[in-house]
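Source file: data12.cif. Holds: mmCIF, C-alpha atoms.
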```
data_upload
#
loop_
_atom_site.label_atom_id
_atom_site.label_comp_id
_atom_site.auth_asym_id
_atom_site.auth_seq_id
_atom_site.Cartn_x
_atom_site.Cartn_y
_atom_site.Cartn_z
CA MET V 1 1.41 -50.72 19.64
CA PHE V 2 -1.02 -49.95 22.39
CA ARG V 3 0.04 -49.89 25.96
CA THR V 4 -2.26 -52.14 27.93
CA THR V 5 -4.34 -51.60 31.01
CA ALA V 6 -6.90 -54.43 31.13
CA THR V 7 -8.30 -57.77 29.80
CA ALA V 8 -7.14 -59.09 27.31
CA PRO V 9 -10.84 -66.16 12.44
CA PHE V 10 -12.79 -66.53 4.06
CA HIS V 11 -14.40 -69.15 2.74
CA ASP V 12 -17.50 -71.27 3.18
CA ALA V 13 -16.35 -74.89 3.54
CA ARG V 14 -19.55 -76.37 2.12
CA ARG V 15 -17.93 -77.38 -1.19
CA LEU V 16 -14.51 -78.43 0.00
CA GLY V 17 -15.60 -82.12 0.07
CA ILE V 18 -13.50 -83.15 3.03
CA ALA V 19 -14.89 -85.77 5.39
CA ALA V 20 -15.35 -84.46 8.88
CA SER V 21 -13.91 -87.59 10.38
CA ALA V 22 -10.65 -87.23 8.44
CA VAL V 23 -10.31 -83.60 9.45
CA LEU V 24 -10.89 -84.37 13.09
CA ALA V 25 -8.39 -87.22 13.06
CA LEU V 26 -5.69 -85.05 11.51
CA LEU V 27 -6.33 -81.76 13.21
CA ALA V 28 -7.79 -82.38 16.63
CA ALA V 29 -4.58 -81.40 18.36
CA GLN V 30 -4.36 -77.84 16.95
CA PRO V 31 -2.50 -75.75 19.52
CA VAL V 32 -3.86 -72.44 20.69
CA THR V 33 -1.89 -69.33 21.42
CA ALA V 34 -3.80 -67.42 24.02
CA ALA V 35 -2.93 -64.04 25.37
CA PRO V 36 -1.74 -64.44 28.97
CA ALA V 37 -3.14 -62.30 31.70
CA PRO V 38 -0.88 -59.31 32.26
CA ALA V 39 1.21 -58.98 35.36
CA LYS V 40 0.24 -55.98 37.47
CA GLY V 41 3.64 -54.37 37.12
CA VAL V 42 3.66 -54.73 33.33
CA GLU V 43 0.13 -53.37 33.22
CA ARG V 44 1.15 -50.21 35.01
CA ARG V 45 4.32 -49.69 32.94
CA ALA V 46 2.42 -50.24 29.70
CA ARG V 47 -0.06 -47.43 30.18
CA LYS V 48 0.08 -44.79 27.47
CA ALA V 49 -2.45 -42.22 26.43
CA VAL V 50 -4.44 -43.39 23.39
CA PRO V 51 -6.07 -40.61 21.37
CA LYS V 52 -9.69 -41.10 20.41
CA PRO V 53 -10.48 -41.86 16.73
CA ARG V 54 -11.36 -38.75 14.75
CA ALA V 55 -13.91 -38.93 11.94
CA GLU V 56 -12.51 -38.42 8.45
CA PRO V 57 -14.37 -36.82 5.52
CA LEU V 58 -17.12 -39.03 4.16
CA ALA V 59 -15.53 -38.85 0.71
CA ILE V 60 -12.52 -40.78 2.02
CA GLU V 61 -14.65 -43.43 3.66
CA GLN V 62 -16.49 -44.02 0.36
CA ALA V 63 -13.36 -44.32 -1.78
CA ALA V 64 -13.57 -47.23 -4.27
CA LEU V 65 -11.46 -50.39 -3.85
CA ALA V 66 -11.60 -51.68 -7.42
CA ASP V 67 -7.81 -52.09 -7.28
CA ALA V 68 -7.80 -54.03 -3.99
CA PRO V 69 -5.02 -56.66 -4.00
CA MET V 70 -5.83 -60.35 -4.42
CA PRO V 71 -5.08 -62.57 -1.41
CA SER V 72 -1.80 -64.42 -1.63
CA GLU V 73 -1.53 -68.16 -2.34
CA ALA V 74 -0.58 -68.77 1.27
CA THR V 75 -3.69 -66.88 2.38
CA ASN V 76 -5.96 -68.95 0.12
CA ARG V 77 -4.40 -72.10 1.53
CA LEU V 78 -4.85 -71.01 5.13
CA VAL V 79 -8.46 -69.97 4.53
CA ALA V 80 -9.28 -73.38 2.97
CA TRP V 81 -7.64 -75.17 5.88
CA VAL V 82 -9.45 -73.19 8.58
CA ALA V 83 -12.81 -73.91 6.90
CA ALA V 84 -12.09 -77.63 6.40
CA ALA V 85 -10.65 -78.15 9.87
CA LYS V 86 -13.15 -75.84 11.58
CA ASP V 87 -10.14 -74.56 13.44
CA ASN V 88 -12.05 -71.43 14.48
CA ARG V 89 -14.23 -73.58 16.76
CA GLY V 90 -17.39 -71.72 15.87
CA MET V 91 -15.93 -68.28 16.61
CA PRO V 92 -15.65 -65.39 14.13
CA TYR V 93 -12.18 -65.03 12.71
CA ILE V 94 -9.83 -62.75 10.83
CA VAL V 95 -7.01 -63.61 8.44
CA ILE V 96 -4.27 -61.01 8.01
CA ASP V 97 -2.34 -61.28 4.72
CA LYS V 98 0.75 -59.27 5.66
CA GLN V 99 2.32 -59.41 2.19
CA ASN V 100 -0.73 -57.71 0.67
CA ALA V 101 -1.66 -55.67 3.77
CA LEU V 102 -5.14 -57.18 3.59
CA LEU V 103 -7.66 -58.27 6.23
CA LEU V 104 -10.24 -60.98 5.51
CA LEU V 105 -13.22 -61.28 7.90
CA PHE V 106 -15.34 -64.40 8.50
CA GLY V 107 -18.28 -65.32 10.67
CA GLY V 108 -18.29 -68.23 13.06
CA ASP V 109 -19.89 -70.38 10.32
CA GLY V 110 -16.98 -69.65 7.96
CA LYS V 111 -18.98 -67.24 5.78
CA ALA V 112 -16.89 -64.48 4.22
CA LEU V 113 -18.12 -61.14 5.55
CA GLY V 114 -15.71 -58.69 3.97
CA GLN V 115 -12.17 -57.55 3.43
CA ALA V 116 -10.28 -54.36 4.04
CA PRO V 117 -6.73 -52.99 3.70
CA VAL V 118 -4.68 -52.62 6.87
CA LEU V 119 -1.61 -50.86 8.20
CA LEU V 120 1.04 -53.02 9.85
CA GLY V 121 4.26 -52.77 11.83
CA VAL V 122 7.07 -50.99 10.05
CA GLY V 123 9.50 -53.80 10.91
CA ILE V 124 9.66 -56.80 8.56
CA GLY V 125 9.52 -59.90 10.72
CA ASP V 126 7.27 -62.50 12.25
CA ASP V 127 8.19 -62.47 15.93
CA SER V 128 8.02 -59.91 18.69
CA SER V 129 11.25 -58.98 20.42
CA PRO V 130 11.49 -60.33 23.97
CA GLY V 131 10.08 -57.84 26.44
CA VAL V 132 8.79 -55.43 23.81
CA GLY V 133 5.36 -55.35 25.43
CA ALA V 134 6.78 -53.72 28.55
CA LYS V 135 8.71 -51.00 26.72
CA SER V 136 7.60 -47.44 26.12
CA LEU V 137 7.15 -46.43 22.48
CA ALA V 138 10.32 -44.34 22.61
CA GLU V 139 12.30 -47.45 23.60
CA ILE V 140 11.10 -49.56 20.66
CA GLY V 141 13.50 -49.47 17.71
CA PRO V 142 12.32 -49.75 14.08
CA ALA V 143 13.37 -53.40 13.79
CA GLU V 144 11.26 -54.23 16.86
CA ARG V 145 8.10 -52.70 15.40
CA THR V 146 6.84 -55.98 13.96
CA THR V 147 3.36 -57.47 13.65
CA PRO V 148 3.87 -61.04 14.88
CA ALA V 149 2.64 -63.99 12.81
CA GLY V 150 0.60 -66.83 14.27
CA ARG V 151 -2.78 -67.88 15.60
CA PHE V 152 -4.15 -65.72 18.38
CA ILE V 153 -7.26 -65.74 20.52
CA ALA V 154 -8.41 -62.12 20.38
CA LYS V 155 -10.68 -60.31 22.82
CA PHE V 156 -11.76 -56.74 23.41
CA GLY V 157 -10.28 -54.93 26.36
CA ARG V 158 -9.49 -51.49 27.64
CA ALA V 159 -6.60 -49.31 26.64
CA PHE V 160 -5.65 -46.18 28.53
CA GLY V 161 -8.32 -43.49 28.28
CA ASN V 162 -11.11 -46.06 28.61
CA GLN V 163 -10.87 -46.90 24.91
CA ARG V 164 -11.70 -50.47 23.91
CA VAL V 165 -9.50 -52.24 21.37
CA LEU V 166 -9.31 -55.80 20.05
CA TRP V 167 -6.25 -57.28 21.73
CA VAL V 168 -4.51 -59.75 19.39
CA ASP V 169 -1.28 -60.40 21.30
CA TYR V 170 -1.82 -58.82 24.69
CA ALA V 171 1.54 -59.81 26.14
CA ASN V 172 3.35 -57.95 23.36
CA SER V 173 0.90 -55.03 23.25
CA VAL V 174 -0.39 -55.76 19.74
CA ALA V 175 -3.99 -54.72 19.09
CA LEU V 176 -6.32 -54.31 16.11
CA HIS V 177 -8.10 -50.95 16.03
CA ALA V 178 -9.34 -48.14 13.83
CA VAL V 179 -6.61 -46.18 12.04
CA ILE V 180 -5.15 -43.28 13.96
CA THR V 181 -4.86 -39.84 12.40
CA THR V 182 -3.16 -37.76 15.09
CA ASN V 183 0.33 -37.74 13.53
CA LYS V 184 -0.18 -36.04 10.17
CA LYS V 185 3.37 -36.78 9.05
CA GLU V 186 2.63 -40.52 9.04
CA ARG V 187 -0.16 -40.05 6.46
CA ARG V 188 -1.94 -43.16 7.68
CA VAL V 189 -5.22 -42.53 5.85
CA ALA V 190 -3.38 -41.83 2.59
CA ARG V 191 -1.41 -45.04 3.03
CA LEU V 192 -4.66 -46.98 3.45
CA LEU V 193 -6.10 -45.33 0.35
CA SER V 194 -3.07 -46.09 -1.82
CA PRO V 195 -3.55 -48.80 -4.50
CA THR V 196 -0.58 -50.91 -3.40
CA PRO V 197 0.55 -52.40 -0.05
CA ASP V 198 4.07 -50.95 -0.45
CA ASP V 199 3.45 -48.05 1.93
CA ASN V 200 1.28 -49.82 4.50
CA ARG V 201 4.10 -50.43 6.98
CA VAL V 202 3.99 -47.59 9.49
CA THR V 203 2.77 -48.76 12.91
CA PHE V 204 4.64 -49.91 16.00
CA GLY V 205 3.17 -53.40 15.48
CA CYS V 206 -0.57 -52.88 15.84
CA ILE V 207 -3.00 -53.57 13.00
CA ASN V 208 -4.92 -50.48 11.80
CA VAL V 209 -8.11 -50.76 9.71
CA GLY V 210 -10.63 -48.22 8.37
CA THR V 211 -12.96 -46.73 10.96
CA SER V 212 -16.19 -47.54 9.11
CA PHE V 213 -15.27 -51.21 8.62
CA TYR V 214 -14.05 -51.46 12.17
CA THR V 215 -17.06 -49.91 13.89
CA LYS V 216 -19.86 -51.26 11.66
CA THR V 217 -18.64 -54.76 10.74
CA LEU V 218 -15.70 -56.03 12.73
CA ARG V 219 -16.33 -54.73 16.24
CA PRO V 220 -19.96 -55.94 16.54
CA LEU V 221 -18.82 -59.44 15.54
CA PHE V 222 -16.03 -59.69 18.11
CA GLN V 223 -17.16 -57.51 20.99
CA LYS V 224 -19.10 -60.11 23.00
CA LYS V 225 -16.91 -63.22 23.02
CA GLY V 226 -13.93 -62.35 20.85
CA GLY V 227 -12.61 -64.66 18.12
CA ILE V 228 -9.50 -65.89 16.33
CA VAL V 229 -6.93 -63.85 14.42
CA TYR V 230 -4.58 -65.62 12.00
CA VAL V 231 -1.60 -63.50 10.95
CA LEU V 232 0.37 -64.85 7.99
CA PRO V 233 4.17 -64.46 8.00
CA ASP V 234 6.43 -62.01 6.19
CA SER V 235 9.41 -64.28 5.70
CA ARG V 236 8.96 -67.57 7.55
CA PRO V 237 7.36 -70.51 5.65
CA VAL V 238 3.61 -70.60 6.26
CA ASP V 239 3.87 -74.30 7.17
CA GLU V 240 6.28 -73.36 9.92
CA VAL V 241 3.94 -70.82 11.45
CA PHE V 242 0.86 -73.05 10.97
CA PRO V 243 2.22 -76.64 11.10
CA ARG V 244 -1.20 -78.27 10.77
CA LEU V 245 -1.42 -77.06 7.18
CA ARG V 246 0.96 -79.90 6.29
CA LEU V 247 -1.66 -82.46 7.30
CA LEU V 248 -4.26 -81.23 4.85
CA PRO V 249 -3.59 -81.32 1.07
CA TYR V 250 -4.18 -77.93 -0.49
CA ILE V 251 -7.65 -77.61 -2.02
CA PRO V 252 -8.39 -74.55 -4.18
CA PRO V 253 -11.12 -72.30 -2.79
CA ALA V 254 -14.67 -72.89 -4.05
CA GLY V 255 -14.70 -69.36 -5.48
CA PRO V 256 -12.44 -66.32 -5.69
CA LEU V 257 -11.95 -64.58 -2.38
CA ALA V 258 -12.04 -61.26 -4.19
CA LYS V 259 -15.82 -61.62 -4.68
CA ALA V 260 -16.44 -61.25 -0.99
CA PRO V 261 -17.68 -57.85 0.19
CA VAL V 262 -14.93 -55.28 0.04
CA GLU V 263 -14.44 -52.50 2.54
CA ALA V 264 -15.31 -49.28 0.75
CA ASP V 265 -13.42 -46.77 2.81
CA ARG V 266 -9.87 -48.04 2.20
CA ARG V 267 -9.45 -47.16 5.86
CA VAL V 268 -10.01 -44.41 8.46
CA GLY V 269 -9.65 -43.36 12.47
CA SER V 270 -7.49 -44.31 16.19
CA GLU V 271 -3.22 -44.69 17.29
CA GLY V 272 -0.60 -46.29 19.34
CA ARG V 273 2.57 -50.15 19.74
CA SER V 274 -0.24 -48.49 17.31
#
```

Whole structure given in C-alpha cells:
Amino acid sequence: MFRTTATAPFHDARRLGIAASAVLALLAAQPVTAAPAPAKGVERRARKAVPKPRAEPLAIEQAALADAPMPSEATNRLVAWVAAAKDNRGMPYIVIDKQNALLLLFGGDGKALGQAPVLLGVGIGDDSSPGVGAKSLAEIGPAERTTPAGRFIAKFGRAFGNQRVLWVDYANSVALHAVITTNKKERRVARLLSPTPDDNRVTFGCINVGTSFYTKTLRPLFQKKGGIVYVLPDSRPVDEVFPRLRLLPYIPPAGPLAKAPVEADRRVGSEGRS
C-alpha cells in the first residue's frame, strides 16, 4: 500500500454479435466507483517514503512466460461483458484476475494489448478494512492487507518522494506500480517469476507488476487521462461485485485470451500499502 500525497479497463468485441441498442438498454446505468479526493489531514498522515524502482538484471526481464496461467472463467466473462457493454467508455482498461494473479491490459477500443503476472495483497478478501487508508504500514494487520475487488477509475498521481503511481483506490491507498525490490526477504521478483500464482500474495494491498511492462506498455497508456481497473474477487460471487453481468448472457470470447501478447519479464522494480 502506498501512502498518498496527491491526486488521485481483453477482448475485441467485433465478433460478439450483440446489438448496441440492447446493450445500452440493459447497461446504461452502470455505476462508477471513483476515488474521492483525499482530505488534507488524511493526506498528511498517509505520507510514507517510497523507494525508487531499481533495475533488475536483463536476464530476469526476458524470462519466458510459456507457463503463464490461463484467465479464469469469471475473467473471460467479465472481459466479454466489458467489450459488449462498452463499459470502459472509450478509456483504456485493466482486468485483474486475482485467483491467477494475472493482469490483462486493453486499449480504449477494447483491443487486447498484453498480459502480465502481478503481486497482490497478502490478505484473502475483497474489501478494504474501514480506515485502512489512513493507517501507517505498521498498524495494518495481515488480514487487512487485501486488494479490494470492484470497478475503479484509476489515475496517475504523486506518492511521497515525487514518484508517480497509478492510483486504483485512492481512499484506501491502493495503487498499481512496478514491483519493489528493497526488501530482499520478500523475494518479490522471484515470486513474479514463479510458474504458479500460489506465492504471489505478499503486498500490503497494492498491485505490483514487472517494471518493463509497467514503464513501456501500461504507463504510457494511462498517464494522460487514466482509465478503468476491474479487480475480480477472491471469494465473493463475481455477479455480486459486478451486478450488471447478470443482465448480459455469457458469450464465449471470440478467441483465447492467452494468444494476446504476454509480458516477457514475469515482473520487475518499486514498494509500499505496496

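Of the residues under consideration (V:Val202, V:Leu166, V:Leu247, V:Val79), V:Val79 shows the shortest atom-to-atom contact distance to Leu104 of chain V when counting all atoms listed in the file.
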
- Between atom CA of Gly123 of chain V and atom CA of Arg201 of chain V - distance in Å to one decimal: 7.5 Å

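Atom CA of Pro197 of chain V sits 15.9 Å away from atom CA of Ser235 of chain V.
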
- Message: What's around Arg246 of chain V at 10 Å? Count only C-alpha atoms, leave out sequence neighbours fewer than 6 positions away in its own chain, and write the answer as a ChimeraX atom specification.
- Response: /V:26,81,238-240

With C-alpha atoms retained, export the selected residues as a short mmCIF file (atom, residue, chain, number, x, y, z; two decimals), keeping the file's coordinate frame.
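So the final result, stored in result.cif, reads:
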```cif
data_model
loop_
_atom_site.label_atom_id
_atom_site.label_comp_id
_atom_site.auth_asym_id
_atom_site.auth_seq_id
_atom_site.Cartn_x
_atom_site.Cartn_y
_atom_site.Cartn_z
CA LEU V 26 -5.69 -85.05 11.51
CA TRP V 81 -7.64 -75.17 5.88
CA VAL V 238 3.61 -70.60 6.26
CA ASP V 239 3.87 -74.30 7.17
CA GLU V 240 6.28 -73.36 9.92
#
```

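With only C-alpha atoms as the atoms that count, the minimum distance from Asp126 of chain V to the choices V:Ile180, V:Ala175, V:Leu113, V:Ala149 is reached by V:Ala149.
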
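Our summary of the geometry notes that atom CA of Leu245 of chain V is positioned 16.4 Å from atom CA of Arg89 of chain V.
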
- Message: Can you pull out the residues contacting Val165 of chain V? Cut-off 7 Å, using all atoms listed in the file, and skip same-chain residues under 5 positions away; I want them as a PyMOL selection string.
- Response: chain V and resi 156-159+175-177

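Checking V:Glu186, V:Asp127, V:Glu144, V:Asp109 one by one against Arg236 of chain V, counting all atoms listed in the file, you find the shortest gap at V:Asp127.
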